[in-house]
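One file, model_25.csv, is given below (CSV, C-alpha atoms).
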```csv
chain,number,residue,atom,x,y,z
A,1,MET,CA,62.4,-73.7,21.8
A,2,THR,CA,65.7,-72.1,20.7
A,3,ALA,CA,67.6,-74.0,18.0
A,4,ILE,CA,71.3,-73.5,17.5
A,5,TRP,CA,74.0,-75.1,15.3
A,6,ALA,CA,77.5,-75.8,16.4
A,7,GLY,CA,80.2,-76.3,13.8
A,8,ILE,CA,83.5,-78.1,14.7
A,9,ASP,CA,86.7,-77.7,12.6
A,10,ALA,CA,88.5,-80.8,14.0
A,11,GLY,CA,92.2,-81.2,14.3
A,12,ARG,CA,94.7,-83.5,15.9
A,13,THR,CA,95.6,-81.3,19.0
A,14,HIS,CA,92.9,-78.6,18.9
A,15,HIS,CA,89.4,-78.1,17.6
A,16,HIS,CA,87.6,-74.8,16.8
A,17,CYS,CA,83.9,-74.5,17.5
A,18,VAL,CA,81.5,-71.8,16.2
A,19,VAL,CA,77.9,-71.7,17.3
A,20,ILE,CA,75.2,-69.8,15.3
A,21,ASP,CA,71.5,-69.2,15.7
A,22,ASP,CA,68.7,-69.5,13.1
A,23,THR,CA,69.7,-66.2,11.5
A,24,GLY,CA,73.4,-67.2,11.2
A,25,LYS,CA,74.5,-64.9,14.0
A,26,ARG,CA,77.6,-66.1,15.9
A,27,LEU,CA,76.9,-66.9,19.5
A,28,LEU,CA,80.3,-68.5,20.4
A,29,SER,CA,83.7,-68.9,18.7
A,30,ARG,CA,86.3,-70.9,20.7
A,31,ARG,CA,89.5,-72.9,20.2
A,32,VAL,CA,89.7,-75.9,22.5
A,33,ALA,CA,92.3,-78.5,23.2
A,34,ASN,CA,91.6,-82.1,22.2
A,35,ASP,CA,91.2,-83.0,25.9
A,36,GLU,CA,88.2,-84.5,27.7
A,37,THR,CA,88.0,-81.8,30.4
A,38,GLU,CA,88.1,-79.0,27.8
A,39,LEU,CA,85.6,-80.7,25.5
A,40,LEU,CA,83.2,-81.3,28.4
A,41,LYS,CA,83.4,-77.6,29.3
A,42,LEU,CA,82.7,-76.6,25.7
A,43,LEU,CA,79.7,-79.0,25.6
A,44,ALA,CA,78.3,-77.4,28.8
A,45,ASP,CA,78.7,-73.9,27.4
A,46,VAL,CA,77.1,-74.7,24.1
A,47,LEU,CA,74.1,-76.4,25.7
A,48,ALA,CA,73.6,-73.3,27.8
A,49,LEU,CA,73.1,-71.2,24.6
A,50,GLY,CA,70.0,-73.1,23.3
A,51,ASP,CA,67.4,-75.7,23.9
A,52,GLU,CA,68.1,-77.8,20.8
A,53,VAL,CA,71.7,-78.2,19.5
A,54,THR,CA,72.8,-79.8,16.2
A,55,TRP,CA,76.5,-80.4,15.8
A,56,GLY,CA,78.4,-80.6,12.6
A,57,ILE,CA,81.9,-81.9,12.3
A,58,ASP,CA,84.3,-82.4,9.3
A,59,LEU,CA,86.0,-85.6,10.6
A,60,ALA,CA,84.4,-88.9,11.5
A,61,ASP,CA,87.4,-90.5,13.2
A,62,GLY,CA,91.0,-90.0,13.9
A,63,GLY,CA,91.6,-86.8,15.9
A,64,ALA,CA,87.9,-86.2,16.3
A,65,ALA,CA,87.2,-89.6,17.8
A,66,LEU,CA,87.2,-88.5,21.4
A,67,LEU,CA,84.9,-85.5,20.7
A,68,ILE,CA,82.4,-87.6,18.7
A,69,ASP,CA,82.3,-90.2,21.5
A,70,LEU,CA,81.6,-87.5,24.1
A,71,LEU,CA,78.8,-86.0,22.0
A,72,LEU,CA,77.2,-89.3,21.2
A,73,ASN,CA,77.5,-90.4,24.9
A,74,HIS,CA,75.6,-87.2,25.9
A,75,GLY,CA,72.9,-87.8,23.3
A,76,GLN,CA,73.8,-85.0,21.0
A,77,HIS,CA,72.6,-85.0,17.4
A,78,THR,CA,75.8,-84.9,15.4
A,79,LEU,CA,76.2,-84.7,11.6
A,80,TYR,CA,79.2,-85.4,9.4
A,81,ILE,CA,80.1,-83.0,6.7
A,82,PRO,CA,83.1,-84.1,4.5
A,83,GLY,CA,86.1,-81.7,4.4
A,84,ARG,CA,85.8,-81.5,0.6
A,85,ALA,CA,82.2,-80.3,1.0
A,86,VAL,CA,83.4,-77.6,3.4
A,87,SER,CA,86.1,-76.5,1.0
A,88,ARG,CA,83.7,-76.2,-1.9
A,89,ALA,CA,81.1,-74.4,0.2
A,90,SER,CA,83.8,-71.9,1.4
A,91,GLU,CA,83.8,-70.4,-2.2
A,92,GLY,CA,80.3,-69.1,-1.6
A,93,TYR,CA,81.3,-67.2,1.6
A,94,ARG,CA,82.8,-63.7,1.8
A,95,GLY,CA,86.6,-63.5,2.1
A,96,GLU,CA,89.4,-65.5,0.5
A,97,GLY,CA,91.3,-66.2,3.7
A,98,LYS,CA,91.2,-69.6,5.4
A,99,THR,CA,91.2,-70.0,9.2
A,100,ASP,CA,89.9,-72.6,11.6
A,101,ALA,CA,87.3,-70.1,12.8
A,102,LYS,CA,86.0,-69.5,9.3
A,103,ASP,CA,85.8,-73.2,8.5
A,104,ALA,CA,84.0,-73.9,11.8
A,105,ALA,CA,81.5,-71.1,10.9
A,106,ILE,CA,80.9,-72.6,7.4
A,107,ILE,CA,80.4,-76.1,9.0
A,108,ALA,CA,77.8,-74.6,11.4
A,109,ASP,CA,76.0,-72.8,8.6
A,110,GLN,CA,76.0,-75.8,6.2
A,111,THR,CA,74.7,-77.9,9.1
A,112,ARG,CA,71.9,-75.4,9.5
A,113,LEU,CA,71.0,-75.3,5.8
A,114,ARG,CA,71.6,-78.8,4.4
A,115,ARG,CA,69.2,-81.7,4.9
A,116,ASP,CA,71.4,-84.4,3.3
A,117,LEU,CA,74.2,-84.8,5.8
A,118,GLN,CA,74.9,-88.2,7.3
A,119,PRO,CA,74.3,-88.5,11.1
A,120,LEU,CA,77.0,-90.0,13.2
A,121,LEU,CA,75.6,-92.9,15.3
A,122,PRO,CA,77.0,-94.8,18.3
A,123,GLY,CA,79.4,-97.4,17.0
A,124,ASP,CA,79.3,-101.2,17.5
A,125,GLU,CA,82.3,-102.1,19.6
A,126,LEU,CA,83.0,-105.2,17.5
A,127,VAL,CA,82.8,-103.2,14.3
A,128,ALA,CA,85.1,-100.6,15.8
A,129,GLU,CA,87.6,-103.4,16.6
A,130,ILE,CA,87.3,-104.8,13.1
A,131,LYS,CA,87.9,-101.3,11.7
A,132,VAL,CA,91.1,-100.9,13.7
A,133,HIS,CA,92.4,-104.3,12.7
A,134,THR,CA,91.6,-103.8,8.9
A,135,GLY,CA,93.2,-100.4,9.0
A,136,HIS,CA,96.3,-101.8,10.6
A,137,ARG,CA,96.4,-104.6,8.0
A,138,ARG,CA,96.2,-102.0,5.2
A,139,ASP,CA,99.2,-100.1,6.7
A,140,LEU,CA,101.2,-103.3,7.0
A,141,ALA,CA,100.4,-104.2,3.4
A,142,ASP,CA,101.5,-100.7,2.3
A,143,ASP,CA,104.7,-101.0,4.3
A,144,ARG,CA,105.4,-104.4,2.6
A,145,THR,CA,104.9,-103.0,-0.8
A,146,ARG,CA,107.3,-100.2,-0.1
A,147,VAL,CA,109.9,-102.6,1.3
A,148,ILE,CA,109.5,-104.9,-1.7
A,149,ASN,CA,110.0,-102.0,-4.1
A,150,ARG,CA,113.2,-101.0,-2.3
A,151,LEU,CA,114.4,-104.6,-2.4
A,152,HIS,CA,113.8,-104.7,-6.1
A,153,ASN,CA,115.8,-101.5,-6.7
A,154,HIS,CA,118.8,-102.6,-4.6
A,155,LEU,CA,118.8,-106.2,-6.1
A,156,THR,CA,118.6,-104.8,-9.6
A,157,SER,CA,121.6,-102.6,-9.0
A,158,ILE,CA,123.9,-105.5,-8.2
A,159,PHE,CA,122.2,-108.6,-9.7
A,160,PRO,CA,119.5,-107.8,-12.3
A,161,ALA,CA,119.2,-111.3,-13.6
A,162,LEU,CA,118.3,-112.7,-10.2
A,163,ASP,CA,115.8,-109.9,-9.7
A,164,ARG,CA,114.1,-110.9,-13.0
A,165,ALA,CA,114.0,-114.5,-12.0
A,166,LEU,CA,112.5,-114.1,-8.5
A,167,ASP,CA,108.9,-113.4,-7.5
A,168,LEU,CA,109.5,-111.5,-4.2
A,169,THR,CA,105.9,-111.9,-3.2
A,170,ASN,CA,106.7,-115.6,-2.4
A,171,THR,CA,108.5,-116.8,0.7
A,172,GLY,CA,111.0,-119.0,-1.1
A,173,PRO,CA,112.8,-116.2,-3.0
A,174,LEU,CA,112.9,-114.1,0.2
A,175,ILE,CA,114.6,-116.9,2.1
A,176,LEU,CA,117.1,-117.3,-0.7
A,177,LEU,CA,118.0,-113.6,-0.5
A,178,THR,CA,118.6,-113.9,3.3
A,179,GLY,CA,121.5,-116.2,2.5
A,180,TYR,CA,122.7,-115.4,-1.0
A,181,GLN,CA,122.6,-112.0,-2.8
A,182,THR,CA,125.5,-112.0,-5.3
A,183,PRO,CA,126.3,-114.1,-8.5
A,184,ALA,CA,129.7,-115.2,-7.1
A,185,ALA,CA,128.2,-116.5,-3.8
A,186,ILE,CA,125.6,-118.6,-5.7
A,187,ARG,CA,128.2,-120.0,-8.2
A,188,ARG,CA,130.5,-121.0,-5.3
A,189,THR,CA,127.6,-122.8,-3.6
A,190,GLY,CA,126.4,-124.7,-6.6
A,191,ALA,CA,122.9,-125.9,-7.4
A,192,ARG,CA,123.1,-129.0,-5.3
A,193,ARG,CA,124.2,-127.4,-2.0
A,194,LEU,CA,121.9,-124.4,-2.6
A,195,GLU,CA,118.9,-126.8,-3.0
A,196,THR,CA,119.9,-128.6,0.2
A,197,TRP,CA,120.2,-125.2,2.0
A,198,LEU,CA,116.7,-124.2,0.8
A,199,ARG,CA,115.2,-127.6,1.7
A,200,ASN,CA,116.5,-127.3,5.2
A,201,ARG,CA,114.5,-124.1,5.5
A,202,LYS,CA,111.4,-125.8,4.2
A,203,VAL,CA,111.2,-123.9,0.9
A,204,ARG,CA,108.8,-125.4,-1.6
A,205,GLY,CA,110.2,-126.0,-5.1
A,206,ALA,CA,113.7,-125.8,-3.7
A,207,ALA,CA,115.2,-127.6,-6.8
A,208,GLU,CA,113.6,-125.3,-9.3
A,209,LEU,CA,114.5,-122.2,-7.3
A,210,ALA,CA,118.1,-123.3,-7.0
A,211,GLU,CA,118.3,-123.8,-10.8
A,212,LYS,CA,116.9,-120.4,-11.5
A,213,ALA,CA,119.3,-118.7,-9.1
A,214,LEU,CA,122.3,-120.6,-10.6
A,215,ALA,CA,121.2,-119.8,-14.2
A,216,ALA,CA,121.0,-116.1,-13.2
A,217,ALA,CA,124.5,-116.3,-11.6
A,218,GLU,CA,126.1,-117.9,-14.6
A,219,SER,CA,124.8,-115.0,-16.8
A,220,GLN,CA,126.7,-112.4,-14.7
A,221,HIS,CA,130.4,-112.5,-13.8
A,222,THR,CA,130.9,-108.8,-13.1
A,223,SER,CA,130.8,-107.5,-9.6
A,224,ALA,CA,128.8,-104.3,-9.4
A,225,THR,CA,130.2,-101.2,-7.6
A,226,GLY,CA,129.1,-101.2,-4.0
A,227,GLU,CA,128.1,-104.8,-4.2
A,228,LYS,CA,129.0,-105.8,-0.6
A,229,PRO,CA,127.0,-103.1,1.3
A,230,THR,CA,124.1,-103.4,-1.1
A,231,ALA,CA,124.1,-107.2,-0.6
A,232,GLN,CA,123.9,-106.7,3.1
A,233,LEU,CA,121.0,-104.3,2.6
A,234,VAL,CA,119.2,-106.8,0.4
A,235,HIS,CA,119.6,-109.4,3.2
A,236,THR,CA,118.1,-106.9,5.7
A,237,LEU,CA,115.1,-106.0,3.4
A,238,ALA,CA,114.3,-109.6,2.6
A,239,LYS,CA,114.1,-110.3,6.4
A,240,GLU,CA,111.9,-107.2,6.8
A,241,VAL,CA,109.5,-108.4,4.1
A,242,MET,CA,109.3,-111.8,5.8
A,243,ARG,CA,108.6,-110.2,9.2
A,244,LEU,CA,105.8,-108.1,7.6
A,245,ASN,CA,104.3,-111.2,6.0
A,246,GLU,CA,104.2,-112.9,9.4
A,247,GLN,CA,102.5,-109.8,10.9
A,248,ILE,CA,99.9,-109.7,8.1
A,249,ALA,CA,99.2,-113.4,8.5
A,250,GLU,CA,98.6,-112.9,12.3
A,251,THR,CA,96.4,-109.9,11.6
A,252,ASP,CA,94.4,-111.9,9.1
A,253,LYS,CA,93.7,-114.6,11.6
A,254,LEU,CA,92.6,-112.0,14.1
A,255,ILE,CA,90.3,-110.2,11.6
A,256,GLU,CA,88.7,-113.5,10.6
A,257,ALA,CA,88.0,-114.4,14.2
A,258,ARG,CA,86.4,-111.1,14.9
A,259,PHE,CA,84.4,-111.1,11.6
A,260,ARG,CA,83.0,-114.6,12.5
A,261,GLU,CA,81.6,-113.1,15.7
A,262,HIS,CA,79.5,-110.5,13.9
A,263,LYS,CA,75.8,-111.2,13.6
A,264,HIS,CA,75.8,-110.6,9.8
A,265,ALA,CA,79.0,-112.7,9.1
A,266,GLU,CA,77.2,-115.7,7.8
A,267,VAL,CA,75.0,-113.7,5.4
A,268,ILE,CA,78.0,-111.6,4.1
A,269,ALA,CA,80.3,-114.6,3.7
A,270,SER,CA,77.6,-116.5,1.8
A,271,MET,CA,78.0,-114.1,-1.2
A,272,PRO,CA,80.3,-115.6,-3.8
A,273,GLY,CA,83.7,-113.8,-3.8
A,274,ILE,CA,83.4,-112.4,-0.3
A,275,GLY,CA,85.6,-114.1,2.3
A,276,PRO,CA,86.4,-113.0,5.9
A,277,LEU,CA,88.9,-110.3,4.9
A,278,LEU,CA,86.6,-108.5,2.3
A,279,GLY,CA,83.6,-109.1,4.7
A,280,ALA,CA,85.5,-107.4,7.5
A,281,GLU,CA,86.3,-104.5,5.1
A,282,PHE,CA,82.6,-104.3,4.3
A,283,LEU,CA,81.7,-104.1,8.0
A,284,ALA,CA,84.4,-101.5,8.6
A,285,ALA,CA,83.2,-99.3,5.8
A,286,THR,CA,79.5,-99.5,6.5
A,287,GLY,CA,79.3,-100.2,10.2
A,288,GLY,CA,77.4,-103.3,9.4
A,289,ASP,CA,74.0,-101.5,9.8
A,290,MET,CA,72.0,-101.3,6.6
A,291,THR,CA,69.5,-98.9,8.3
A,292,ALA,CA,72.0,-96.2,7.5
A,293,PHE,CA,71.3,-96.9,3.8
A,294,GLU,CA,67.6,-96.4,2.9
A,295,SER,CA,68.0,-98.3,-0.4
A,296,PRO,CA,70.5,-100.3,-2.4
A,297,ASP,CA,70.9,-97.2,-4.6
A,298,ARG,CA,72.2,-95.3,-1.6
A,299,LEU,CA,74.7,-98.0,-0.7
A,300,ALA,CA,75.8,-98.3,-4.4
A,301,GLY,CA,76.4,-94.5,-4.5
A,302,PHE,CA,78.4,-94.7,-1.3
A,303,ALA,CA,80.5,-97.5,-2.7
A,304,GLY,CA,81.1,-95.6,-6.0
A,305,VAL,CA,79.7,-98.3,-8.2
A,306,ALA,CA,76.7,-96.3,-9.4
A,307,PRO,CA,77.4,-93.7,-12.1
A,308,ALA,CA,76.5,-90.1,-11.4
A,309,PRO,CA,74.7,-88.1,-14.1
A,310,ARG,CA,76.3,-84.9,-15.4
A,311,ASP,CA,73.7,-83.5,-17.7
A,312,SER,CA,73.5,-79.9,-18.9
A,313,GLY,CA,71.4,-78.2,-21.5
A,314,LYS,CA,70.8,-80.5,-24.4
A,315,ILE,CA,73.3,-83.1,-23.2
A,316,SER,CA,71.6,-86.0,-21.4
A,317,GLY,CA,72.7,-89.4,-20.4
A,318,ASN,CA,76.2,-88.2,-19.6
A,319,LEU,CA,77.2,-90.6,-16.8
A,320,HIS,CA,80.5,-90.5,-14.9
A,321,ARG,CA,82.0,-92.1,-11.8
A,322,PRO,CA,81.0,-90.1,-8.7
A,323,ARG,CA,83.7,-88.0,-7.1
A,324,ARG,CA,82.6,-88.7,-3.5
A,325,TYR,CA,82.5,-92.3,-2.5
A,326,SER,CA,84.2,-94.8,-0.1
A,327,ARG,CA,87.2,-96.2,-1.9
A,328,ARG,CA,87.4,-98.9,0.8
A,329,LEU,CA,83.9,-100.1,0.0
A,330,GLN,CA,84.4,-99.8,-3.7
A,331,ARG,CA,87.4,-102.1,-3.4
A,332,VAL,CA,85.3,-104.6,-1.6
A,333,PHE,CA,82.6,-104.8,-4.3
A,334,TYR,CA,85.0,-104.6,-7.2
A,335,THR,CA,87.4,-107.2,-5.9
A,336,SER,CA,84.7,-109.6,-4.9
A,337,ALA,CA,83.1,-109.2,-8.3
A,338,LEU,CA,86.4,-110.2,-9.9
A,339,ILE,CA,86.6,-113.2,-7.7
A,340,SER,CA,83.0,-114.2,-8.3
A,341,ILE,CA,83.5,-114.3,-12.1
A,342,ARG,CA,85.9,-117.2,-11.5
A,343,CYS,CA,83.8,-119.1,-8.9
A,344,CYS,CA,80.2,-118.3,-9.6
A,345,ASP,CA,78.4,-119.4,-12.8
A,346,GLU,CA,75.7,-116.6,-12.5
A,347,SER,CA,78.3,-113.9,-12.1
A,348,ARG,CA,80.3,-115.3,-15.1
A,349,ARG,CA,77.2,-115.3,-17.3
A,350,PHE,CA,76.3,-111.7,-16.3
A,351,TYR,CA,79.9,-110.6,-17.0
A,352,ASP,CA,80.0,-112.4,-20.4
A,353,ARG,CA,76.6,-110.8,-21.3
A,354,LYS,CA,78.0,-107.3,-20.5
A,355,ARG,CA,81.1,-108.0,-22.5
A,356,ALA,CA,78.9,-109.1,-25.4
A,357,GLU,CA,77.1,-105.8,-25.2
A,358,GLY,CA,80.4,-104.1,-26.0
A,359,LYS,CA,81.4,-103.0,-22.5
A,360,ARG,CA,85.1,-103.0,-21.6
A,361,HIS,CA,86.4,-105.3,-18.8
A,362,THR,CA,86.3,-102.7,-16.1
A,363,GLN,CA,82.8,-101.5,-17.1
A,364,ALA,CA,81.5,-105.1,-17.0
A,365,VAL,CA,83.1,-105.7,-13.6
A,366,LEU,CA,81.6,-102.5,-12.2
A,367,ALA,CA,78.2,-103.5,-13.6
A,368,LEU,CA,78.5,-106.8,-11.8
A,369,ALA,CA,79.6,-105.1,-8.7
A,370,ARG,CA,76.5,-102.8,-8.9
A,371,ARG,CA,74.2,-105.8,-9.2
A,372,ARG,CA,75.9,-107.5,-6.2
A,373,VAL,CA,75.1,-104.4,-4.1
A,374,ASN,CA,71.4,-105.0,-4.7
A,375,VAL,CA,71.8,-108.7,-3.8
A,376,LEU,CA,73.8,-108.1,-0.6
A,377,TRP,CA,71.6,-105.3,0.6
A,378,ALA,CA,68.5,-107.5,0.2
A,379,LEU,CA,70.1,-110.4,1.9
A,380,LEU,CA,71.1,-108.3,4.9
A,381,ARG,CA,67.6,-106.7,5.0
A,382,ASP,CA,65.9,-110.2,5.0
A,383,GLY,CA,68.6,-111.9,7.2
A,384,ARG,CA,69.0,-114.8,4.8
A,385,CYS,CA,72.1,-116.3,3.1
A,386,TYR,CA,72.8,-116.2,-0.6
A,387,GLU,CA,71.4,-119.0,-2.8
A,388,PRO,CA,72.2,-119.5,-6.5
A,389,ILE,CA,68.5,-119.9,-7.2
A,390,PRO,CA,66.1,-117.5,-5.4
A,391,PRO,CA,63.6,-119.3,-3.2
A,392,VAL,CA,60.1,-119.8,-4.8
A,393,THR,CA,57.3,-118.4,-2.8
A,394,ASN,CA,54.2,-120.7,-2.8
A,395,ALA,CA,50.9,-119.0,-3.7
A,396,ALA,CA,48.5,-118.6,-0.8
```
Final structure tokens representation of the file:
Amino acid sequence: MTAIWAGIDAGRTHHHCVVIDDTGKRLLSRRVANDETELLKLLADVLALGDEVTWGIDLADGGAALLIDLLLNHGQHTLYIPGRAVSRASEGYRGEGKTDAKDAAIIADQTRLRRDLQPLLPGDELVAEIKVHTGHRRDLADDRTRVINRLHNHLTSIFPALDRALDLTNTGPLILLTGYQTPAAIRRTGARRLETWLRNRKVRGAAELAEKALAAAESQHTSATGEKPTAQLVHTLAKEVMRLNEQIAETDKLIEARFREHKHAEVIASMPGIGPLLGAEFLAATGGDMTAFESPDRLAGFAGVAPAPRDSGKISGNLHRPRRYSRRLQRVFYTSALISIRCCDESRRFYDRKRAEGKRHTQAVLALARRRVNVLWALLRDGRCYEPIPPVTNAA
């Protein structure tokens, strides 16, 4: 049986494929368009070169999604090798130049030599949908942050006192800015009329907000240069933030609905500190299948909450945060650990104990997150929900 290895340097519009045999000899080197017809032709040509093909690829989604789906649909054994690993491995190969063909050859050779690469498996359609929605929500949240920062900058340039007084993450101040952006406009309106205007738009705490705005307006009687166009821009940006808030709220409802449909939703949501959004992020990061993680240690390493040793010579016990981990999954465990400290007595006791041992806040939260990895992994393995007190097994 002839074994061969195919390395794919994936791109948005084109991929480069290099096929090698067990001696490292190149059997094929080809640049192909990211098109189904071209990819199927490549697949047929590669399969004609050997009896057993192992594919390696440096992307797990994005521009490589079509290629990966085609390979998995045709029963091909496909391994994922991170781009950073390819970059580091390239230092051990001859030549300083970088080309797609060279990277594809390195991917093929690393696929042939390494035994620790993660296989790509057919995805769950529901998890794939959750992954799309959570990614979209993250983009919307990033867009909102950028717009809020721009809003702060423009408001500060004409009315710094009002910018200090308002919390632009709340809806009320945003509604205020859609109608009033300058000190003179707020003073002309007065606290009473401004309060009525806010109440008519169903703003909570309208009276308090109106008082804050008027106090800020009384502290500034100078009209800044460029006040009129900047005020109009503040109005536009405030509306943009409100629009993004509505989109995020709609996306949250969609994510929660899809999360509730997953078979592990009840188990995941039973963990203190993990709600539908963090639970959906967990499914998106892990695929929802714990068989991909042989142990909780493997899951903790992937989540970046298990320290990696960096010992050398006489130095031992030198632990650092790993360089390669899923930041999305780390956020799930770290954020849920923070929340659980406030809502779960057991988590609070564990955190306090770590603080009493001399650990800093971040270290204590990471230690709690690491412990929660063990708990969640065991719950998913056993298919049972979290209980504050572990069930007692009766002696036979």
>> Could you tell me how far atom CA of Arg187 of chain A sits from atom CA of Gln220 of chain A, in Å to one decimal place?
In response: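 Computed distance, atom CA of Gln220 of chain A to atom CA of Arg187 of chain A, equals 10.1 Å.
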>> Just want the 12 Å neighbourhood of Lys239 of chain A, counted on all atoms listed in the file, with same-chain residues fewer than 5 positions away dropped. Output as a ChimeraX atom specification.
In response: /A:144,147-148,151,168,171-179,232-234,244-246
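Remark: for Ile274 of chain A, the closest of the candidate residues A:Thr196, A:Thr225, A:Ser157, A:Ser336 is A:Ser336 (distances computed over all atoms listed in the file).
You can rank A:Thr145, A:Gln110, A:Gln181, A:Thr335 by their closest distance to Asp58 of chain A using only C-alpha atoms, and at the top of that list sits A:Gln110.
Across the model, the gap from atom CA of Ala44 of chain A to atom CA of Ile57 of chain A is 17.5 Å.
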>> When you look at Glu281 of chain A with a cut-off of 8 Å (counting all atoms listed in the file), what residues show up, excluding the ones that are within fewer than 3 positions of it in the same chain? I need them as a list in words.
In response: Lys131, Thr134, Leu277, Leu278, Ala284, Ala285, Arg328, Leu329 and Val332 of chain A
>> Report, in Å to a single decimal, how far apart atom CA of Val365 of chain A and atom CA of Leu338 of chain A are.
In response: 6.7 Å
> Can you list, as a ChimeraX atom specification, every protein, DNA or RNA residue that comes within 10 Å of Asp116 of chain A when you count only C-alpha atoms, leaving out same-chain residues fewer than 2 positions away?
Replying inline: /A:79-81,111,113-114,118-119
> With distances taken over all atoms listed in the file, which of A:Glu256, A:Leu121, A:Thr169, A:Gly273 is nearest to Gly287 of chain A?
Replying inline: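 Answer, going by the shortest atom-to-atom distance: A:Leu121.
The closest residue to Ala89 of chain A, picked from A:Ala378, A:Asp103, A:His77, A:Ser295 and counting only C-alpha atoms, is A:Asp103.
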>> Using only C-alpha atoms, which protein or nucleic acid residues come within 12 Å of Asp45 of chain A? Drop anything in the same chain fewer than 5 positions from it, and give the result as an MDAnalysis selection string.
In response: chainID A and resid 6 17:19 27:30 38:40 50:51 53
Saved selection, atoms kept: C-alpha atoms, as a PDB file, in the frame of the given file:
```
ATOM      1  CA  ALA A   6      77.500 -75.800  16.400  1.00  0.00           C
ATOM      2  CA  CYS A  17      83.900 -74.500  17.500  1.00  0.00           C
ATOM      3  CA  VAL A  18      81.500 -71.800  16.200  1.00  0.00           C
ATOM      4  CA  VAL A  19      77.900 -71.700  17.300  1.00  0.00           C
ATOM      5  CA  LEU A  27      76.900 -66.900  19.500  1.00  0.00           C
ATOM      6  CA  LEU A  28      80.300 -68.500  20.400  1.00  0.00           C
ATOM      7  CA  SER A  29      83.700 -68.900  18.700  1.00  0.00           C
ATOM      8  CA  ARG A  30      86.300 -70.900  20.700  1.00  0.00           C
ATOM      9  CA  GLU A  38      88.100 -79.000  27.800  1.00  0.00           C
ATOM     10  CA  LEU A  39      85.600 -80.700  25.500  1.00  0.00           C
ATOM     11  CA  LEU A  40      83.200 -81.300  28.400  1.00  0.00           C
ATOM     12  CA  GLY A  50      70.000 -73.100  23.300  1.00  0.00           C
ATOM     13  CA  ASP A  51      67.400 -75.700  23.900  1.00  0.00           C
ATOM     14  CA  VAL A  53      71.700 -78.200  19.500  1.00  0.00           C
TER      15      VAL A  53
END
```
>> Quick one: residues within 9 Å of Ala206 of chain A, all atoms listed in the file, excluding same-chain residues fewer than 5 positions away - as a ChimeraX atom specification?
In response: /A:172,194-199,211
